[in-house]
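J.: The structure file entry_35.cif (mmCIF, C-alpha atoms) is provided below.
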data_my_file
#
loop_
_atom_site.label_atom_id
_atom_site.label_comp_id
_atom_site.auth_asym_id
_atom_site.auth_seq_id
_atom_site.Cartn_x
_atom_site.Cartn_y
_atom_site.Cartn_z
CA MET A 1 3.94 -10.72 -30.48
CA ASP A 2 5.50 -11.30 -27.10
CA PRO A 3 7.26 -14.74 -27.19
CA TRP A 4 6.69 -15.24 -23.46
CA ARG A 5 2.91 -15.13 -23.94
CA GLU A 6 2.70 -17.65 -26.75
CA THR A 7 3.09 -20.74 -24.58
CA PRO A 8 2.15 -21.52 -20.97
CA LYS A 9 4.71 -21.24 -18.22
CA LYS A 10 5.13 -25.00 -17.78
CA ILE A 11 5.83 -25.56 -21.47
CA ASN A 12 8.17 -22.60 -21.49
CA THR A 13 10.12 -23.98 -18.54
CA LYS A 14 10.37 -27.42 -20.12
CA HIS A 15 11.61 -25.84 -23.31
CA LEU A 16 14.49 -24.24 -21.41
CA ILE A 17 15.47 -27.50 -19.67
CA ALA A 18 17.51 -29.92 -21.70
CA ASP A 19 17.14 -33.64 -21.45
CA ARG A 20 20.37 -35.12 -20.18
CA ARG A 21 20.20 -38.09 -22.52
CA GLU A 22 19.48 -36.18 -25.70
CA GLY A 23 20.88 -32.72 -24.91
CA ILE A 24 24.55 -33.09 -24.04
CA GLY A 25 25.41 -35.62 -26.78
CA VAL A 26 28.18 -38.18 -26.95
CA CYS A 27 30.96 -35.70 -26.26
CA GLY A 28 29.09 -34.41 -23.29
CA TRP A 29 28.72 -37.87 -21.82
CA ILE A 30 32.42 -38.47 -22.34
CA LEU A 31 33.26 -35.29 -20.42
CA VAL A 32 30.85 -36.21 -17.63
CA SER A 33 32.40 -39.69 -17.41
CA LEU A 34 35.88 -38.20 -17.21
CA SER A 35 34.69 -35.88 -14.49
CA PHE A 36 33.30 -38.82 -12.50
CA LEU A 37 36.58 -40.67 -13.03
CA PHE A 38 38.55 -37.68 -11.79
CA VAL A 39 36.40 -37.54 -8.64
CA LEU A 40 36.97 -41.26 -7.99
CA ILE A 41 40.74 -41.00 -8.50
CA THR A 42 41.15 -38.00 -6.23
CA PHE A 43 38.70 -39.27 -3.58
CA PRO A 44 38.39 -38.32 -0.71
CA VAL A 45 40.09 -34.97 -1.40
CA SER A 46 37.78 -34.13 -4.31
CA ILE A 47 34.64 -34.73 -2.28
CA TRP A 48 35.19 -31.45 -0.42
CA ALA A 49 35.09 -29.55 -3.70
CA CYS A 50 32.07 -31.46 -5.02
CA MET A 51 29.76 -31.23 -2.02
CA LYS A 52 27.87 -27.95 -1.69
CA VAL A 53 25.57 -27.05 1.20
CA ILE A 54 22.32 -25.28 0.33
CA ARG A 55 20.53 -23.48 3.15
CA GLU A 56 16.85 -23.95 3.98
CA TYR A 57 15.81 -20.70 2.31
CA GLU A 58 17.95 -21.26 -0.81
CA ARG A 59 17.72 -23.36 -3.94
CA ALA A 60 20.49 -24.27 -6.38
CA VAL A 61 20.01 -24.28 -10.14
CA VAL A 62 22.64 -26.70 -11.49
CA PHE A 63 24.01 -26.39 -15.03
CA ARG A 64 25.80 -29.32 -16.64
CA LEU A 65 27.75 -28.32 -19.72
CA GLY A 66 25.66 -25.15 -19.90
CA ARG A 67 22.29 -26.92 -19.69
CA ILE A 68 19.93 -26.97 -16.72
CA LEU A 69 20.37 -30.35 -15.08
CA SER A 70 16.82 -31.08 -13.88
CA LYS A 71 13.33 -29.65 -13.88
CA GLU A 72 13.47 -28.84 -10.17
CA ALA A 73 16.00 -26.77 -8.29
CA LYS A 74 18.25 -28.59 -5.84
CA GLY A 75 18.16 -28.14 -2.08
CA PRO A 76 18.02 -27.65 0.74
CA GLY A 77 20.84 -29.85 1.99
CA MET A 78 23.95 -31.18 0.25
CA VAL A 79 24.27 -31.11 -3.53
CA LEU A 80 26.86 -32.95 -5.60
CA ILE A 81 28.63 -30.77 -8.17
CA LEU A 82 30.99 -32.41 -10.64
CA PRO A 83 34.19 -30.46 -11.29
CA CYS A 84 34.78 -28.92 -14.73
CA THR A 85 31.31 -29.83 -16.09
CA ASP A 86 28.86 -28.51 -13.48
CA THR A 87 28.15 -25.01 -12.30
CA PHE A 88 25.38 -23.79 -10.05
CA ILE A 89 23.60 -20.58 -9.08
CA LYS A 90 22.07 -20.04 -5.66
CA VAL A 91 18.65 -18.40 -5.53
CA ASP A 92 17.29 -16.85 -2.33
CA LEU A 93 13.61 -17.69 -1.76
CA ARG A 94 13.07 -15.26 1.12
CA MET A 95 10.72 -12.30 0.91
CA VAL A 96 12.32 -9.21 -0.61
CA THR A 97 11.12 -5.73 0.34
CA CYS A 98 11.99 -3.16 -2.28
CA LYS A 99 11.41 0.59 -2.07
CA ILE A 100 10.02 2.23 -5.19
CA PRO A 101 11.77 5.59 -5.70
CA PRO A 102 9.56 8.71 -5.87
CA GLN A 103 7.83 8.84 -9.24
CA GLU A 104 6.64 12.16 -10.66
CA ILE A 105 3.25 11.58 -12.28
CA LEU A 106 0.52 13.64 -13.90
CA THR A 107 -2.90 12.67 -12.59
CA LYS A 108 -6.09 12.50 -14.59
CA ASP A 109 -7.10 16.02 -13.51
CA ALA A 110 -3.70 17.48 -14.58
CA VAL A 111 -2.11 17.69 -11.12
CA THR A 112 1.60 16.97 -10.74
CA ALA A 113 2.43 14.71 -7.80
CA GLN A 114 5.31 12.61 -6.51
CA VAL A 115 4.41 9.13 -5.31
CA ASP A 116 6.63 6.47 -3.77
CA GLY A 117 5.81 3.00 -2.50
CA VAL A 118 6.99 -0.39 -1.34
CA VAL A 119 6.72 -3.74 -3.13
CA CYS A 120 7.17 -7.10 -1.38
CA TYR A 121 7.87 -10.18 -3.48
CA ARG A 122 9.58 -13.54 -3.36
CA ILE A 123 10.90 -16.05 -5.88
CA ARG A 124 8.74 -19.16 -6.10
CA SER A 125 10.45 -20.80 -9.09
CA ALA A 126 14.24 -20.66 -8.97
CA ILE A 127 14.66 -22.11 -12.46
CA SER A 128 12.38 -19.52 -14.07
CA ALA A 129 14.11 -16.70 -12.18
CA VAL A 130 17.51 -17.82 -13.53
CA ALA A 131 16.61 -18.96 -17.03
CA ASN A 132 13.95 -16.41 -18.08
CA VAL A 133 15.45 -13.11 -16.93
CA SER A 134 18.99 -11.86 -16.47
CA ASP A 135 18.45 -9.94 -13.20
CA VAL A 136 15.13 -10.75 -11.61
CA HIS A 137 15.37 -8.18 -8.80
CA SER A 138 16.26 -5.27 -11.05
CA ALA A 139 13.61 -6.26 -13.58
CA THR A 140 10.92 -6.49 -10.89
CA LEU A 141 11.83 -3.07 -9.49
CA LEU A 142 11.78 -1.39 -12.91
CA LEU A 143 8.49 -3.03 -13.78
CA ALA A 144 7.01 -1.89 -10.44
CA GLN A 145 8.01 1.70 -11.20
CA THR A 146 6.45 1.57 -14.66
CA THR A 147 3.25 -0.06 -13.40
CA LEU A 148 2.93 2.54 -10.65
CA ARG A 149 3.23 5.40 -13.12
CA ASN A 150 0.80 3.84 -15.61
CA ILE A 151 -1.97 3.13 -13.09
CA LEU A 152 -1.70 6.39 -11.15
CA GLY A 153 -1.82 8.34 -14.40
CA THR A 154 -5.42 7.16 -14.89
CA GLN A 155 -6.56 8.36 -11.43
CA SER A 156 -7.55 11.82 -10.25
CA LEU A 157 -5.91 13.42 -7.21
CA ALA A 158 -8.99 12.80 -5.06
CA GLN A 159 -9.08 9.13 -6.07
CA LEU A 160 -5.34 8.85 -5.41
CA VAL A 161 -5.64 10.24 -1.89
CA ALA A 162 -8.85 8.44 -0.92
CA GLY A 163 -8.41 5.09 -2.65
CA ARG A 164 -4.84 4.04 -1.87
CA GLU A 165 -5.76 0.46 -0.96
CA GLU A 166 -7.74 -0.18 -4.15
CA ILE A 167 -4.95 1.31 -6.27
CA ALA A 168 -2.35 -0.78 -4.44
CA HIS A 169 -4.36 -3.96 -5.08
CA SER A 170 -4.61 -3.09 -8.78
CA ILE A 171 -0.84 -2.53 -9.00
CA GLN A 172 -0.21 -5.82 -7.17
CA ALA A 173 -2.48 -7.81 -9.51
CA MET A 174 -0.94 -6.32 -12.66
CA LEU A 175 2.62 -6.73 -11.36
CA ASP A 176 2.00 -10.32 -10.26
CA SER A 177 0.62 -11.21 -13.67
CA ALA A 178 3.57 -9.62 -15.48
CA THR A 179 6.25 -11.32 -13.33
CA GLU A 180 4.69 -14.80 -13.41
CA GLN A 181 6.99 -15.88 -16.24
CA TRP A 182 9.98 -14.85 -14.10
CA GLY A 183 8.97 -17.13 -11.23
CA VAL A 184 8.17 -14.17 -8.98
CA LYS A 185 5.19 -13.90 -6.63
CA VAL A 186 4.26 -10.34 -5.66
CA ALA A 187 2.87 -10.51 -2.13
CA ARG A 188 2.08 -6.88 -1.36
CA VAL A 189 2.26 -3.38 -2.81
CA GLU A 190 1.82 -0.27 -0.66
CA ILE A 191 1.75 3.43 -1.57
CA LYS A 192 3.82 5.23 1.06
CA ASP A 193 3.51 8.94 0.39
CA VAL A 194 1.82 11.32 -2.03
CA ARG A 195 3.49 14.71 -2.33
CA ILE A 196 1.94 17.60 -4.23
CA PRO A 197 3.33 21.13 -4.93
CA VAL A 198 3.20 23.72 -2.14
CA ALA A 199 0.89 25.99 -4.14
CA MET A 200 -1.56 23.14 -4.57
CA GLN A 201 -1.38 22.38 -0.85
CA ARG A 202 -2.25 26.00 -0.03
CA ALA A 203 -5.14 25.97 -2.50
CA MET A 204 -6.50 22.75 -1.03
CA ALA A 205 -6.13 24.15 2.51
CA ALA A 206 -8.00 27.33 1.53
CA GLU A 207 -10.74 25.24 -0.07
CA ALA A 208 -11.08 23.09 3.05
CA GLN A 209 -11.17 26.20 5.28
CA ALA A 210 -13.88 27.76 3.12
CA ALA A 211 -15.93 24.57 3.32
CA GLN A 212 -15.55 24.53 7.13
CA GLU A 213 -16.65 28.17 7.39
CA THR A 214 -19.66 27.46 5.18
CA ARG A 215 -20.73 24.57 7.37
CA ALA A 216 -20.22 26.71 10.50
CA LYS A 217 -22.46 29.46 9.11
CA VAL A 218 -25.14 26.93 8.22
CA VAL A 219 -25.03 25.48 11.75
CA ALA A 220 -25.19 28.98 13.30
CA ALA A 221 -28.16 29.96 11.14
CA GLU A 222 -29.92 26.73 12.08
CA GLY A 223 -29.35 27.51 15.77
CA GLU A 224 -30.74 31.03 15.38
CA ARG A 225 -33.84 29.70 13.70
CA ASN A 226 -34.42 27.14 16.46
CA ALA A 227 -33.83 29.81 19.13
CA SER A 228 -36.32 32.19 17.52
CA ARG A 229 -38.95 29.46 17.42
CA ALA A 230 -38.36 28.70 21.10
CA LEU A 231 -38.65 32.42 22.01
CA LYS A 232 -41.89 32.68 20.07
CA GLU A 233 -43.37 29.74 21.95
CA ALA A 234 -42.17 31.20 25.28
CA SER A 235 -43.76 34.59 24.52
CA MET A 236 -47.06 32.91 23.71
CA VAL A 237 -46.98 31.05 27.05
CA LEU A 238 -46.16 34.23 29.01
CA ALA A 239 -48.91 36.16 27.23
CA GLU A 240 -51.49 33.69 28.51
CA SER A 241 -50.35 34.16 32.16
CA PRO A 242 -49.33 37.71 33.24
CA ALA A 243 -48.25 36.42 36.65
CA GLY A 244 -45.71 34.22 34.93
CA LEU A 245 -44.04 37.34 33.51
CA HIS A 246 -43.57 38.72 37.04
CA LEU A 247 -42.08 35.41 38.14
CA ARG A 248 -39.69 35.65 35.23
CA TYR A 249 -38.65 39.11 36.42
CA LEU A 250 -37.93 37.76 39.88
CA GLN A 251 -35.92 34.85 38.44
CA THR A 252 -33.85 37.29 36.41
CA LEU A 253 -33.19 39.32 39.57
CA THR A 254 -32.00 36.20 41.36
CA THR A 255 -29.64 35.41 38.54
CA VAL A 256 -28.22 38.95 38.49
CA ALA A 257 -27.84 39.08 42.28
CA ALA A 258 -25.82 35.87 42.26
CA GLY A 259 -22.90 37.75 40.74
CA ASN A 260 -20.70 40.36 42.43
CA ASN A 261 -22.69 43.37 41.24
CA SER A 262 -22.91 46.69 43.10
CA THR A 263 -25.86 47.94 41.06
CA ILE A 264 -29.02 45.98 40.35
CA VAL A 265 -31.47 47.22 37.73
CA PHE A 266 -34.96 46.12 38.66
CA PRO A 267 -37.48 46.26 35.78
CA LEU A 268 -40.67 47.35 37.59
CA PRO A 269 -43.84 46.89 35.52
CA ILE A 270 -45.74 50.09 34.61
CA MET A 271 -49.03 48.55 35.70
CA MET A 272 -47.61 48.01 39.17
CA LEU A 273 -46.57 51.70 39.35
CA GLY A 274 -50.05 52.77 38.28
CA ASN A 275 -51.66 50.70 41.03
CA LEU A 276 -49.31 52.16 43.63
CA GLY A 277 -50.18 55.74 42.48
CA GLN A 278 -53.88 55.11 42.76
CA LYS A 279 -53.49 53.72 46.28
CA SER A 280 -51.50 56.78 47.41
CA LYS A 281 -54.15 59.18 46.11
CA GLY A 282 -56.91 57.26 47.77
CA GLY A 283 -55.06 57.34 51.11
#
Produce structure tokens that represent the structure in this file.
T.:
Amino acid sequence: MDPWRETPKKINTKHLIADRREGIGVCGWILVSLSFLFVLITFPVSIWACMKVIREYERAVVFRLGRILSKEAKGPGMVLILPCTDTFIKVDLRMVTCKIPPQEILTKDAVTAQVDGVVCYRIRSAISAVANVSDVHSATLLLAQTTLRNILGTQSLAQLVAGREEIAHSIQAMLDSATEQWGVKVARVEIKDVRIPVAMQRAMAAEAQAAQETRAKVVAAEGERNASRALKEASMVLAESPAGLHLRYLQTLTTVAAGNNSTIVFPLPIMMLGNLGQKSKGG
């Protein structure tokens, strides 16, 4: 069983912090008293070595005889450090942006891909970041890589390409829960790039092109069907009015004459020729 999951974070932090009255013992108090005495004897020269300035975005975790001095980190401002008995570690509370190196994964549909990303986090508890893990930044980065590989391994390639935001939120929630004991707050996780083999890219491009051609043929067939219906309706209208057909001939002639044509083909109706022949015989 994981020892970090047996007790809540607050109890775990208290367990790591020693009580100054009961933890350091009689010998410890003697050493602390001697340290105070040394500071008083060498004052004001010693004050320059005892006073430490902590910036606004930093916190100091003070150790006295190897034990954490208080439940809260010191700072910002000036902090008093006793010589010989006290040591301190500065912790930066600013947001850290870390690049996840490209991870080669096998998706759910057996496609090999390389995925990289970015994780943004900050330290919200300086004491937990110092006392519960040896290197909080390295541990967070390694855990982000492992979480990325584990979650993306359960997704197909289509889900990976289409659902980047949902996958990023899942990685963020899992990573934030895992780093809570380290005093780390994961603010954002983003998937930067998804790279697949060249052969797979060509296959996907061919598939997309085939789908586009299929849709184009369907659209063209639909247009032909609509055009044939319109021509059928037009033929029915012209059949009801023979004079309309002659007007259509004249409109076609106007359209042809608008261009730079040296020869004009005039479709003369046979009925009109027959009428002209009868008139010439009668004359």
J.: Would you mind telling me which residue in A:Asn150, A:Thr255, A:Thr97, A:Ser138 lies nearest to A:Arg188 when using only C-alpha atoms?
T.: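 Among A:Asn150, A:Thr255, A:Thr97, A:Ser138, it is A:Thr97 that comes nearest to A:Arg188.
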J.: Give me the result of the PyMOL selection byres ((chain A and resi 56) around 12) on this file, residue by residue, as a list in words.
T.: Val53, Ile54, Arg55, Tyr57, Glu58, Arg59, Ala60, Lys74, Gly75, Pro76, Gly77, Met78, Lys90, Val91, Asp92, Leu93 and Arg94 of chain A
J.: Could you check how far atom CA of A:Glu207 sits from atom CA of A:Leu157, in Å to one decimal?
T.: 14.6 Å
J.: Separation of atom CA of A:Ala205 and atom CA of A:Gln155, in Å?
T.: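 Interatomic distance, atom CA of A:Ala205 to atom CA of A:Gln155: 21.1 Å.
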J.: Evaluate the PyMOL selection byres ((chain A and resi 113-130) around 8) on the structure here and hand back the selected residues as a PyMOL selection string.
T.: chain A and resi 13+59-61+71-73+91-107+111-112+131-136+144+181-197
J.: Report the distance between atom CA of A:Leu141 and atom CA of A:Ala173 in Å, rounded to one decimal place.
T.: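 These atoms are spaced 15.1 Å apart.
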J.: Which one is closest to A:Arg164: A:Leu250, A:Ala234, A:Ile151, A:Leu69? Count all atoms listed in the file.
T.: A:Ile151
J.: Under the rule that all atoms listed in the file are counted, which of A:Thr179, A:Leu142, A:Leu82, A:Ala110 is the nearest residue to A:Met200?
T.: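 That would be A:Ala110, the residue with the smallest distance to A:Met200.
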J.: When the PyMOL selection byres ((chain A and resi 66) around 10) is applied to the file above, which residues end up in the set, as a list of chain:residue names?
T.: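 Checking the PyMOL selection byres ((chain A and resi 66) around 10) against this file, the residues are A:Ala18, A:Ile24, A:Val62, A:Phe63, A:Arg64, A:Leu65, A:Arg67, A:Ile68, A:Leu69, A:Thr85, A:Asp86, A:Thr87, A:Phe88.
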J.: Excluding A:Val32 and any residue of its chain fewer than 2 positions from it, enumerate the residues within 12 Å of it, using only C-alpha atoms, and give them as a ChimeraX atom specification.
T.: /A:20-21,24-30,34-39,64-65,81-86
J.: Once you've located stretch 106-118 of chain A in the structure I gave, write it as a short mmCIF file (atom, residue, chain, number, x, y, z; two decimals), in the first residue's frame, keeping N, CA, C and O atoms.
T.:
data_model
loop_
_atom_site.label_atom_id
_atom_site.label_comp_id
_atom_site.auth_asym_id
_atom_site.auth_seq_id
_atom_site.Cartn_x
_atom_site.Cartn_y
_atom_site.Cartn_z
N LEU A 106 1.61 3.71 -28.67
CA LEU A 106 0.83 2.82 -29.52
C LEU A 106 -0.64 3.05 -29.18
O LEU A 106 -1.07 2.77 -28.06
N THR A 107 -1.39 3.57 -30.13
CA THR A 107 -2.78 3.90 -29.86
C THR A 107 -3.64 2.65 -29.74
O THR A 107 -3.15 1.53 -29.95
N LYS A 108 -4.90 2.86 -29.44
CA LYS A 108 -5.82 1.75 -29.24
C LYS A 108 -6.02 0.95 -30.52
O LYS A 108 -6.23 -0.27 -30.47
N ASP A 109 -5.95 1.62 -31.69
CA ASP A 109 -6.13 0.93 -32.96
C ASP A 109 -4.78 0.54 -33.59
O ASP A 109 -4.67 0.46 -34.82
N ALA A 110 -3.75 0.36 -32.75
CA ALA A 110 -2.44 -0.17 -33.18
C ALA A 110 -1.75 0.73 -34.18
O ALA A 110 -1.18 0.27 -35.18
N VAL A 111 -1.76 2.03 -33.94
CA VAL A 111 -1.04 2.99 -34.76
C VAL A 111 0.06 3.62 -33.92
O VAL A 111 -0.19 4.08 -32.80
N THR A 112 1.28 3.63 -34.45
CA THR A 112 2.40 4.22 -33.75
C THR A 112 2.44 5.72 -34.01
O THR A 112 2.38 6.15 -35.15
N ALA A 113 2.55 6.50 -32.94
CA ALA A 113 2.57 7.96 -33.07
C ALA A 113 3.51 8.54 -32.03
O ALA A 113 3.77 7.92 -30.98
N GLN A 114 4.03 9.72 -32.35
CA GLN A 114 4.87 10.47 -31.42
C GLN A 114 4.11 11.73 -30.99
O GLN A 114 3.66 12.50 -31.84
N VAL A 115 3.98 11.89 -29.69
CA VAL A 115 3.19 12.99 -29.14
C VAL A 115 4.05 13.74 -28.13
O VAL A 115 4.72 13.13 -27.30
N ASP A 116 4.06 15.06 -28.23
CA ASP A 116 4.72 15.90 -27.23
C ASP A 116 3.72 16.92 -26.71
O ASP A 116 2.66 17.14 -27.32
N GLY A 117 4.05 17.54 -25.59
CA GLY A 117 3.11 18.48 -24.98
C GLY A 117 3.82 19.44 -24.04
O GLY A 117 5.05 19.46 -23.93
N VAL A 118 3.01 20.23 -23.35
CA VAL A 118 3.49 21.23 -22.41
C VAL A 118 2.65 21.12 -21.14
O VAL A 118 1.42 20.98 -21.22
#
